[in-house]
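Enquirer: As input, take coords14.txt (compact mmCIF, C-alpha atoms):
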```txt
# COMPACT_ATOMS: atom_id res chain seq x y z
CA MET B 1 -5.87 25.15 55.41
CA LYS B 2 -2.39 25.37 53.94
CA GLN B 3 -1.89 21.61 54.29
CA LYS B 4 -5.30 20.96 52.71
CA SER B 5 -4.38 23.21 49.76
CA ILE B 6 -1.11 21.35 49.22
CA LEU B 7 -2.88 17.97 49.44
CA SER B 8 -5.54 19.15 46.98
CA ALA B 9 -2.88 20.32 44.52
CA VAL B 10 -1.03 16.99 44.77
CA PHE B 11 -4.29 15.08 44.27
CA LEU B 12 -5.17 17.14 41.18
CA LEU B 13 -1.65 16.61 39.80
CA PHE B 14 -1.93 12.82 40.18
CA ALA B 15 -5.46 12.85 38.75
CA ALA B 16 -4.26 14.81 35.70
CA GLY B 17 -1.36 12.40 35.27
CA ALA B 18 -3.72 9.43 35.39
CA ALA B 19 -5.96 11.01 32.75
CA VAL B 20 -3.01 11.57 30.44
CA ALA B 21 -1.82 7.99 30.98
CA GLN B 22 -5.19 6.64 29.77
CA GLY B 23 -4.69 8.04 26.27
CA SER B 24 -1.94 9.14 23.93
CA VAL B 25 -1.54 11.02 20.65
CA VAL B 26 1.45 10.56 18.36
CA VAL B 27 2.49 12.90 15.55
CA GLY B 28 4.98 11.42 13.11
CA GLY B 29 5.80 10.75 9.50
CA ILE B 30 8.34 9.99 6.82
CA LEU B 31 10.24 12.21 4.41
CA ASP B 32 11.80 10.42 1.45
CA SER B 33 13.46 12.02 -1.58
CA ALA B 34 15.44 10.58 -4.48
CA VAL B 35 17.05 11.62 -7.72
CA ARG B 36 15.64 9.51 -10.57
CA TYR B 37 16.59 8.76 -14.16
CA VAL B 38 14.03 7.14 -16.49
CA ARG B 39 14.53 6.22 -20.14
CA ASN B 40 11.61 4.99 -22.25
CA ASP B 41 11.88 3.63 -25.77
CA GLY B 42 10.65 6.20 -28.25
CA GLY B 43 10.57 9.02 -25.71
CA GLY B 44 14.11 9.67 -24.55
CA SER B 45 15.15 10.16 -20.93
CA ILE B 46 14.05 12.39 -18.05
CA LYS B 47 15.92 13.25 -14.83
CA SER B 48 13.95 14.38 -11.79
CA LEU B 49 13.75 14.73 -8.03
CA VAL B 50 10.95 12.52 -6.70
CA SER B 51 9.26 11.81 -3.38
CA GLY B 52 8.68 8.49 -1.64
CA SER B 53 10.80 5.92 -3.47
CA ASN B 54 11.77 3.78 -0.47
CA GLN B 55 8.71 4.61 1.63
CA THR B 56 5.93 7.03 0.82
CA SER B 57 6.48 10.49 2.31
CA ARG B 58 3.69 11.17 4.80
CA LEU B 59 2.45 12.96 7.89
CA TYR B 60 0.25 11.15 10.39
CA PHE B 61 -1.63 11.69 13.63
CA ARG B 62 -2.69 8.64 15.63
CA GLY B 63 -3.94 8.10 19.13
CA ASP B 64 -5.70 5.72 21.46
CA GLU B 65 -7.59 5.81 24.73
CA ASP B 66 -7.84 3.00 27.28
CA LEU B 67 -11.53 2.53 28.02
CA GLY B 68 -10.96 -0.12 30.68
CA GLY B 69 -11.92 -3.76 30.64
CA GLY B 70 -9.52 -4.48 27.78
CA LEU B 71 -11.26 -2.04 25.43
CA SER B 72 -9.64 0.90 23.68
CA ALA B 73 -10.69 3.55 21.17
CA GLY B 74 -8.35 5.00 18.58
CA PHE B 75 -7.95 7.10 15.47
CA TRP B 76 -5.47 7.36 12.60
CA LEU B 77 -5.19 10.28 10.17
CA GLU B 78 -2.49 10.07 7.49
CA SER B 79 -1.69 12.44 4.63
CA GLY B 80 0.68 11.85 1.74
CA VAL B 81 3.34 14.51 1.20
CA ASN B 82 5.26 15.36 -1.97
CA ALA B 83 8.66 16.01 -0.41
CA ASP B 84 10.05 17.43 -3.67
CA THR B 85 7.45 20.22 -3.87
CA GLY B 86 5.99 20.46 -0.37
CA THR B 87 2.45 19.81 -1.61
CA SER B 88 -0.12 17.24 -0.50
CA SER B 89 -0.20 14.11 -2.67
CA GLY B 90 -3.95 13.82 -2.11
CA GLY B 91 -4.86 17.26 -3.41
CA THR B 92 -8.21 18.27 -1.92
CA GLN B 93 -8.37 14.84 -0.22
CA PHE B 94 -5.89 15.82 2.49
CA PHE B 95 -5.94 12.59 4.52
CA ASP B 96 -5.70 10.53 1.35
CA ARG B 97 -3.71 7.64 2.83
CA ARG B 98 -5.82 6.80 5.86
CA ALA B 99 -8.62 8.24 7.99
CA THR B 100 -9.99 5.72 10.47
CA LEU B 101 -11.73 5.51 13.82
CA SER B 102 -11.56 2.21 15.70
CA LEU B 103 -12.75 0.26 18.72
CA SER B 104 -10.71 -2.77 19.80
CA GLY B 105 -10.54 -5.22 22.64
CA ARG B 106 -8.24 -7.96 23.90
CA GLY B 107 -9.38 -11.29 22.52
CA ILE B 108 -12.18 -9.57 20.58
CA GLY B 109 -10.48 -7.91 17.61
CA GLU B 110 -10.91 -4.47 16.07
CA LEU B 111 -13.80 -2.64 14.44
CA ARG B 112 -12.45 0.03 12.10
CA LEU B 113 -14.37 2.74 10.20
CA GLY B 114 -13.21 5.09 7.42
CA ARG B 115 -10.72 5.17 4.55
CA ASP B 116 -8.23 2.30 4.75
CA TYR B 117 -6.21 -0.32 2.87
CA VAL B 118 -8.23 -3.07 1.17
CA PRO B 119 -7.55 -6.68 2.32
CA THR B 120 -5.74 -7.76 -0.86
CA TYR B 121 -3.29 -4.86 -0.73
CA ALA B 122 -2.58 -5.41 2.98
CA ILE B 123 -1.16 -8.84 2.04
CA TRP B 124 0.39 -7.90 -1.33
CA VAL B 125 2.52 -5.05 0.02
CA ARG B 126 4.14 -7.36 2.60
CA HIS B 127 5.58 -9.45 -0.24
CA ASP B 128 6.84 -6.52 -2.32
CA PRO B 129 10.31 -5.62 -0.99
CA TYR B 130 9.93 -2.11 -2.45
CA SER B 131 6.66 -1.46 -0.56
CA HIS B 132 4.70 -0.80 -3.78
CA VAL B 133 6.70 2.39 -4.51
CA GLY B 134 9.84 3.48 -6.36
CA VAL B 135 11.17 2.49 -9.76
CA ALA B 136 11.04 -1.24 -8.88
CA GLY B 137 7.71 -1.25 -7.04
CA SER B 138 4.89 -3.58 -8.04
CA ASN B 139 2.68 -0.49 -8.38
CA ASN B 140 3.99 -0.18 -11.96
CA PHE B 141 1.65 -3.03 -12.97
CA SER B 142 -1.39 -1.94 -10.91
CA SER B 143 -2.49 1.18 -12.74
CA SER B 144 -5.07 2.32 -15.28
CA SER B 145 -2.39 3.08 -17.88
CA GLN B 146 -3.24 -0.03 -19.93
CA GLN B 147 -6.31 -1.44 -21.62
CA GLY B 148 -7.38 -4.03 -19.07
CA PRO B 149 -9.62 -4.74 -16.08
CA ILE B 150 -8.48 -1.78 -13.94
CA ARG B 151 -9.16 0.87 -16.59
CA SER B 152 -12.36 -0.88 -17.63
CA ALA B 153 -13.70 -0.84 -14.05
CA PHE B 154 -12.50 2.59 -12.89
CA GLY B 155 -11.53 4.64 -15.94
CA THR B 156 -8.66 6.94 -14.98
CA GLY B 157 -10.19 7.75 -11.58
CA PRO B 158 -9.34 6.27 -8.15
CA ASN B 159 -9.43 2.47 -7.92
CA THR B 160 -9.65 -0.06 -5.09
CA THR B 161 -6.39 -1.92 -5.69
CA VAL B 162 -4.86 -0.12 -2.66
CA ARG B 163 -7.50 1.72 -0.61
CA SER B 164 -11.21 2.27 -0.33
CA SER B 165 -13.27 5.03 1.24
CA ASN B 166 -16.44 4.62 3.31
CA THR B 167 -15.39 1.26 4.76
CA VAL B 168 -16.43 -0.76 7.79
CA ALA B 169 -13.86 -3.43 8.66
CA TYR B 170 -13.35 -6.10 11.30
CA LEU B 171 -9.86 -7.46 12.10
CA LEU B 172 -9.17 -10.63 14.07
CA PRO B 173 -7.29 -10.31 17.40
CA SER B 174 -3.49 -10.28 17.14
CA ASP B 175 -3.00 -13.00 19.77
CA LEU B 176 -4.28 -16.07 17.89
CA GLY B 177 -0.95 -17.84 17.50
CA GLY B 178 -0.22 -16.53 14.01
CA LEU B 179 -3.75 -16.72 12.62
CA GLU B 180 -4.85 -13.41 11.13
CA GLY B 181 -7.63 -12.08 8.94
CA GLY B 182 -10.38 -9.57 8.47
CA LEU B 183 -13.50 -8.52 6.59
CA MET B 184 -14.29 -5.20 4.87
CA VAL B 185 -17.40 -3.69 3.30
CA ALA B 186 -17.94 -0.27 1.73
CA ALA B 187 -21.07 1.49 0.58
CA GLY B 188 -21.04 3.21 -2.80
CA GLU B 189 -23.25 5.95 -1.34
CA GLY B 190 -24.87 6.49 -4.73
CA GLY B 191 -21.68 8.02 -6.12
CA THR B 192 -19.45 7.36 -9.11
CA ALA B 193 -16.12 5.65 -9.79
CA ALA B 194 -14.68 9.02 -10.80
CA ASN B 195 -15.23 10.24 -7.22
CA GLY B 196 -13.92 7.05 -5.60
CA GLN B 197 -17.36 6.00 -4.37
CA ASP B 198 -17.37 2.25 -4.95
CA LYS B 199 -19.37 -0.55 -3.38
CA LEU B 200 -16.94 -3.14 -2.00
CA ILE B 201 -16.83 -6.40 -0.08
CA GLY B 202 -13.69 -8.32 0.74
CA GLY B 203 -11.72 -10.33 3.24
CA ARG B 204 -8.43 -12.00 4.00
CA ILE B 205 -7.22 -14.98 5.99
CA GLY B 206 -3.72 -16.22 6.71
CA TRP B 207 -1.18 -17.58 9.10
CA GLN B 208 2.16 -15.92 9.78
CA SER B 209 5.08 -16.96 11.97
CA THR B 210 8.60 -15.58 12.12
CA SER B 211 9.78 -18.11 9.50
CA PHE B 212 6.76 -18.89 7.31
CA GLY B 213 3.45 -17.45 6.18
CA ALA B 214 0.57 -18.33 3.84
CA HIS B 215 -2.27 -15.95 2.93
CA ALA B 216 -5.34 -15.61 0.71
CA SER B 217 -7.55 -12.61 0.02
CA ARG B 218 -10.35 -11.45 -2.28
CA VAL B 219 -12.06 -8.11 -2.88
CA VAL B 220 -15.07 -7.47 -5.17
CA THR B 221 -15.93 -3.92 -6.25
CA SER B 222 -18.85 -2.48 -8.20
CA ASN B 223 -19.64 1.04 -9.41
CA ASP B 224 -21.30 2.91 -12.28
CA LEU B 225 -18.69 1.55 -14.75
CA THR B 226 -19.05 -2.16 -13.91
CA ALA B 227 -22.46 -2.94 -15.44
CA SER B 228 -20.78 -5.61 -17.61
CA GLY B 229 -19.21 -7.32 -14.59
CA LYS B 230 -17.87 -6.56 -11.12
CA PHE B 231 -14.16 -5.91 -10.56
CA LYS B 232 -12.57 -8.88 -8.77
CA ASP B 233 -9.19 -8.77 -7.03
CA THR B 234 -7.88 -12.16 -5.85
CA LEU B 235 -4.57 -12.87 -4.11
CA PHE B 236 -2.54 -15.87 -2.89
CA ALA B 237 0.85 -15.42 -1.21
CA VAL B 238 3.51 -17.34 0.72
CA ASN B 239 6.75 -16.27 2.37
CA GLY B 240 9.60 -17.92 4.21
CA SER B 241 12.79 -16.96 6.03
CA VAL B 242 16.05 -18.86 6.42
CA GLY B 243 18.60 -17.02 8.52
CA GLN B 244 19.00 -13.53 7.06
CA VAL B 245 17.26 -14.40 3.79
CA ARG B 246 13.53 -13.80 3.25
CA MET B 247 11.75 -15.12 0.14
CA ASN B 248 8.29 -14.16 -1.10
CA ALA B 249 5.92 -15.38 -3.79
CA ALA B 250 2.52 -13.86 -4.59
CA LEU B 251 -0.05 -14.20 -7.35
CA ARG B 252 -2.67 -11.50 -7.85
CA LYS B 253 -5.45 -11.51 -10.44
CA TYR B 254 -7.61 -8.56 -11.52
CA GLU B 255 -10.80 -9.43 -13.43
CA GLN B 256 -13.57 -7.35 -14.96
CA ALA B 257 -16.07 -8.64 -17.51
CA LEU B 258 -14.02 -10.42 -20.22
CA SER B 259 -10.61 -8.99 -19.26
CA GLU B 260 -7.98 -10.31 -16.85
CA GLU B 261 -4.57 -9.23 -15.58
CA THR B 262 -2.56 -11.75 -13.56
CA ILE B 263 0.59 -10.55 -11.77
CA LEU B 264 3.23 -12.94 -10.49
CA LEU B 265 5.63 -11.53 -7.89
CA LEU B 266 8.80 -13.32 -6.78
CA SER B 267 11.17 -11.50 -4.45
CA THR B 268 13.96 -11.91 -1.93
CA VAL B 269 15.53 -9.72 0.74
CA VAL B 270 18.95 -10.42 2.28
CA THR B 271 19.96 -8.58 5.46
CA LEU B 272 23.70 -8.14 6.08
CA GLY B 273 24.17 -5.98 9.15
CA GLN B 274 23.17 -2.44 8.22
CA VAL B 275 22.70 -3.35 4.55
CA GLU B 276 19.54 -4.79 3.01
CA LEU B 277 19.77 -6.23 -0.51
CA LYS B 278 16.57 -6.64 -2.57
CA ALA B 279 15.63 -8.36 -5.82
CA SER B 280 12.26 -8.90 -7.48
CA TYR B 281 10.71 -10.37 -10.61
CA LEU B 282 7.22 -9.44 -11.82
CA ARG B 283 5.24 -10.78 -14.75
CA ALA B 284 1.95 -9.21 -15.88
CA ASN B 285 -0.12 -11.50 -18.06
CA MET B 286 -3.08 -9.90 -19.87
CA LYS B 287 -5.97 -12.02 -21.15
CA GLY B 288 -9.32 -11.55 -22.86
CA LYS B 289 -10.66 -8.33 -24.28
CA VAL B 290 -12.01 -4.92 -23.36
CA GLY B 291 -14.98 -4.19 -25.60
CA THR B 292 -13.73 -5.37 -29.00
CA THR B 293 -10.03 -4.86 -28.16
CA VAL B 294 -8.14 -8.12 -27.61
CA ILE B 295 -5.39 -7.77 -24.97
CA ASP B 296 -3.96 -11.32 -24.93
CA ALA B 297 -0.54 -10.34 -26.29
CA ASN B 298 -0.05 -7.24 -24.10
CA ASP B 299 2.13 -8.78 -21.39
CA ALA B 300 5.12 -7.30 -19.55
CA THR B 301 8.04 -8.29 -17.32
CA GLN B 302 9.80 -6.21 -14.66
CA ILE B 303 13.10 -6.92 -12.90
CA GLY B 304 14.17 -4.83 -9.90
CA LEU B 305 17.34 -4.60 -7.80
CA GLY B 306 18.02 -2.43 -4.77
CA ALA B 307 20.07 -1.84 -1.64
CA VAL B 308 19.30 0.06 1.56
CA TYR B 309 21.95 1.21 4.05
CA SER B 310 20.62 2.10 7.50
CA LEU B 311 22.38 5.11 9.00
CA SER B 312 20.30 4.70 12.18
CA LYS B 313 16.94 3.31 13.25
CA ARG B 314 15.25 6.28 11.59
CA SER B 315 17.44 7.25 8.62
CA ALA B 316 18.63 5.34 5.56
CA LEU B 317 20.27 5.74 2.15
CA TYR B 318 19.18 3.64 -0.81
CA VAL B 319 19.79 2.89 -4.49
CA GLN B 320 17.61 0.86 -6.81
CA GLY B 321 17.03 0.16 -10.48
CA ALA B 322 14.44 -1.55 -12.65
CA ARG B 323 13.63 -2.49 -16.23
CA ILE B 324 10.25 -3.22 -17.81
CA ASN B 325 10.03 -5.13 -21.10
CA ASN B 326 6.66 -4.94 -22.86
CA ASP B 327 5.12 -7.38 -25.33
CA GLY B 328 2.52 -6.72 -28.01
CA LYS B 329 0.84 -3.34 -27.58
CA ALA B 330 1.61 -3.06 -23.86
CA SER B 331 3.23 0.18 -22.73
CA PHE B 332 3.80 -0.30 -18.99
CA SER B 333 6.45 2.18 -17.86
CA ILE B 334 8.25 3.40 -14.75
CA PRO B 335 6.80 6.67 -13.37
CA GLY B 336 8.72 9.85 -14.13
CA GLY B 337 9.53 9.07 -17.75
CA SER B 338 8.33 10.29 -21.11
CA THR B 339 5.72 8.71 -23.38
CA MET B 340 6.77 5.24 -24.51
CA VAL B 341 6.04 3.30 -27.67
CA ALA B 342 3.94 0.15 -27.44
CA GLY B 343 6.04 -2.97 -26.98
CA GLY B 344 9.05 -0.94 -25.82
CA SER B 345 11.22 -1.00 -22.70
CA SER B 346 11.42 1.31 -19.69
CA THR B 347 14.67 1.56 -17.67
CA ALA B 348 15.24 3.56 -14.49
CA PHE B 349 17.67 4.17 -11.65
CA GLU B 350 17.37 6.20 -8.48
CA ALA B 351 19.27 7.06 -5.30
CA GLY B 352 17.78 8.69 -2.26
CA MET B 353 17.44 9.17 1.47
CA ARG B 354 14.64 8.40 3.90
CA HIS B 355 14.06 9.81 7.40
CA ASN B 356 11.34 8.66 9.80
CA PHE B 357 10.28 11.14 12.47
```
Would you give me this structure, written as structure tokens?
Expert:
Amino acid sequence: MKQKSILSAVFLLFAAGAAVAQGSVVVGGILDSAVRYVRNDGGGSIKSLVSGSNQTSRLYFRGDEDLGGGLSAGFWLESGVNADTGTSSGGTQFFDRRATLSLSGRGIGELRLGRDYVPTYAIWVRHDPYSHVGVAGSNNFSSSSQQGPIRSAFGTGPNTTVRSSNTVAYLLPSDLGGLEGGLMVAAGEGGTAANGQDKLIGGRIGWQSTSFGAHASRVVTSNDLTASGKFKDTLFAVNGSVGQVRMNAALRKYEQALSEETILLLSTVVTLGQVELKASYLRANMKGKVGTTVIDANDATQIGLGAVYSLSKRSALYVQGARINNDGKASFSIPGGSTMVAGGSSTAFEAGMRHNF
């Protein structure tokens, strides 16, 4: 009886170990803080402590379970964190960055449900060396701050230039020799743009190797504000690497009714041991009109420079700066500054630290 009890205990121990091995849950995140200085023409300067200038501060929970036969189920819950204040960046929308449930299989691909990145952004952010954040991020030209297609289609509420809620997406398998792509649809659910309930359809296709990549993507969104025309987001991008130098070029166009905003992004990243040097050039070209307001002359240019020093695989120090020059009545500005006059310039510098956990 004693031997049977011992054997039973060992069997249960191995059975429990096998069950744990079939699935895993990971808790992790990023904390990123920087001191920032922003000066806008006509509004003076502001100094502040900000969150997420090298990578967005966040907390995530992700896990997967091996279902056998090459199939697996998984989830991903991710919440933005304001490291400077300790608050959630999503407000009442706690998992504002991502909330997905997925089913994937070897050679089949992945079916993903929930709130996730739209196809155009998934490609765009790869070519922005500042990851769409910080004083030099391309996010400075993808906002509703200006008269243009984004504000016309979404007002000042959430937009689909980065994420969409209520999505169903399919992603190609990752073992196709560099070929990649996916499709995404989202139901508006009878809601409004102000509540982030947009009807969406989009996709992306591309090929990426270690030294070269070419990609194309398009997303079309409609809501209660787009009766005059759907919001269209189109992207073409290429990248290439030579030794320790990576170069990127991307062209993204936002369209809604009679208004357009085309953004050209050129960037390079040079890796020298523990140091990463970054440079980018962005040009926002506005065209057409919103209602009776002509926006043709409201263009802007942004130049960004930065450096990251890796203290370890998980921690880094960084410095970066940027300047935006506006034309016409444009008033694009770097976040964290004061109100700026139309046609003015916005200049900013920041230095910070990032830790991945």
Enquirer: Go ahead and compute the interatomic distance for CA of Val25 (chain B) and CA of Glu78 (chain B), in Å to one decimal.
Expert: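 So the two atoms, CA of Val25 (chain B) and CA of Glu78 (chain B), lie 13.2 Å apart.
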Enquirer: If I put a ball of radius 7 Å at (7.1, 1.1, -23.4) in the file's coordinates, which residues poke into it when counting all atoms listed in the file, written as a PDB file with C-alpha atoms, keeping the file's coordinate frame?
Expert:
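File produced: selection_30.pdb:
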```
ATOM      1  CA  ASN B  40      11.610   4.990 -22.250  1.00  0.00           C
ATOM      2  CA  ASP B  41      11.880   3.630 -25.770  1.00  0.00           C
ATOM      3  CA  ASN B 326       6.660  -4.940 -22.860  1.00  0.00           C
ATOM      4  CA  ALA B 330       1.610  -3.060 -23.860  1.00  0.00           C
ATOM      5  CA  SER B 331       3.230   0.180 -22.730  1.00  0.00           C
ATOM      6  CA  PHE B 332       3.800  -0.300 -18.990  1.00  0.00           C
ATOM      7  CA  SER B 333       6.450   2.180 -17.860  1.00  0.00           C
ATOM      8  CA  MET B 340       6.770   5.240 -24.510  1.00  0.00           C
ATOM      9  CA  VAL B 341       6.040   3.300 -27.670  1.00  0.00           C
ATOM     10  CA  ALA B 342       3.940   0.150 -27.440  1.00  0.00           C
ATOM     11  CA  GLY B 343       6.040  -2.970 -26.980  1.00  0.00           C
ATOM     12  CA  GLY B 344       9.050  -0.940 -25.820  1.00  0.00           C
ATOM     13  CA  SER B 345      11.220  -1.000 -22.700  1.00  0.00           C
ATOM     14  CA  SER B 346      11.420   1.310 -19.690  1.00  0.00           C
TER      15      SER B 346
END
```
Enquirer: Looking at all atoms listed in the file, which of B:Gly188, B:Gly42, B:Pro119, B:Gly288 is the one that sits closest to Ile205 (chain B)?
Expert: B:Pro119
Enquirer: Looking at only C-alpha atoms, which of B:Thr262, B:Ser164, B:Thr234, B:Ser310 is the one that sits closest to Glu276 (chain B)?
Expert: B:Ser310
Enquirer: Which one of B:Thr347, B:Asn325, B:Ser267, B:Thr301 sits closest to His127 (chain B) if you count only C-alpha atoms?
Expert: B:Ser267
Enquirer: So that all listed atoms of region 202-211 of chain B fit with 5 Å spare on each side, what axis-aligned box centre and edge lengths in Å, to one decimal, would you give as AutoDock Vina command-line options?
Expert:
```
--center_x -2.0 --center_y -13.2 --center_z 6.4 --size_x 33.5 --size_y 19.8 --size_z 21.4
```
Enquirer: Quick one: distance from CA of Arg39 (chain B) to CA of Gln302 (chain B) in Å, one decimal?
Expert: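 Here the two named atoms are 14.4 Å from each other.
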Enquirer: From the options B:Asn82, B:Gly74, B:Ser45, B:Ala351, which residue's atoms come nearest to Ser57 (chain B), counting all atoms listed in the file?
Expert: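 That would be B:Asn82, the residue with the smallest distance to Ser57 (chain B).
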Enquirer: Of the candidates B:Ser51, B:Asn248, B:Gln197, B:Thr87, which shows the shortest atom-to-atom distance to Val125 (chain B), using only C-alpha atoms?
Expert: B:Asn248
Enquirer: I'd like to know which of B:Ser33, B:Ser24, B:Gln274, B:Ser209 is closest to Gly178 (chain B), using all atoms listed in the file.
Expert: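 The answer is B:Ser209, which sits nearest to Gly178 (chain B).
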Enquirer: Glu110 (chain B): which residues within 9 Å, counting all atoms listed in the file, same-chain residues fewer than 3 positions away excluded, as a list in words?
Expert: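 With the cut-off at 9 Å, the set is Ser102, Leu103, Ser104, Gly105, Arg106, Ala169, Tyr170, Leu171, Leu172 and Pro173 of chain B.
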Enquirer: Would you pick out the contacts of Leu317 (chain B) at 7 Å or less, using all atoms listed in the file, so that residues sharing its chain but fewer than 6 positions from it are not included, and give the list as a VMD selection string?
Expert: chain B and resid 308 to 310 352 to 354
Enquirer: Could you list as a PyMOL selection string every residue that has an atom within 12 Å of (-4.6, 8.3, 2.9), using the file's coordinates and counting all atoms listed in the file?
Expert: chain B and resi 56-61+76-81+88-100+114-117+162-165
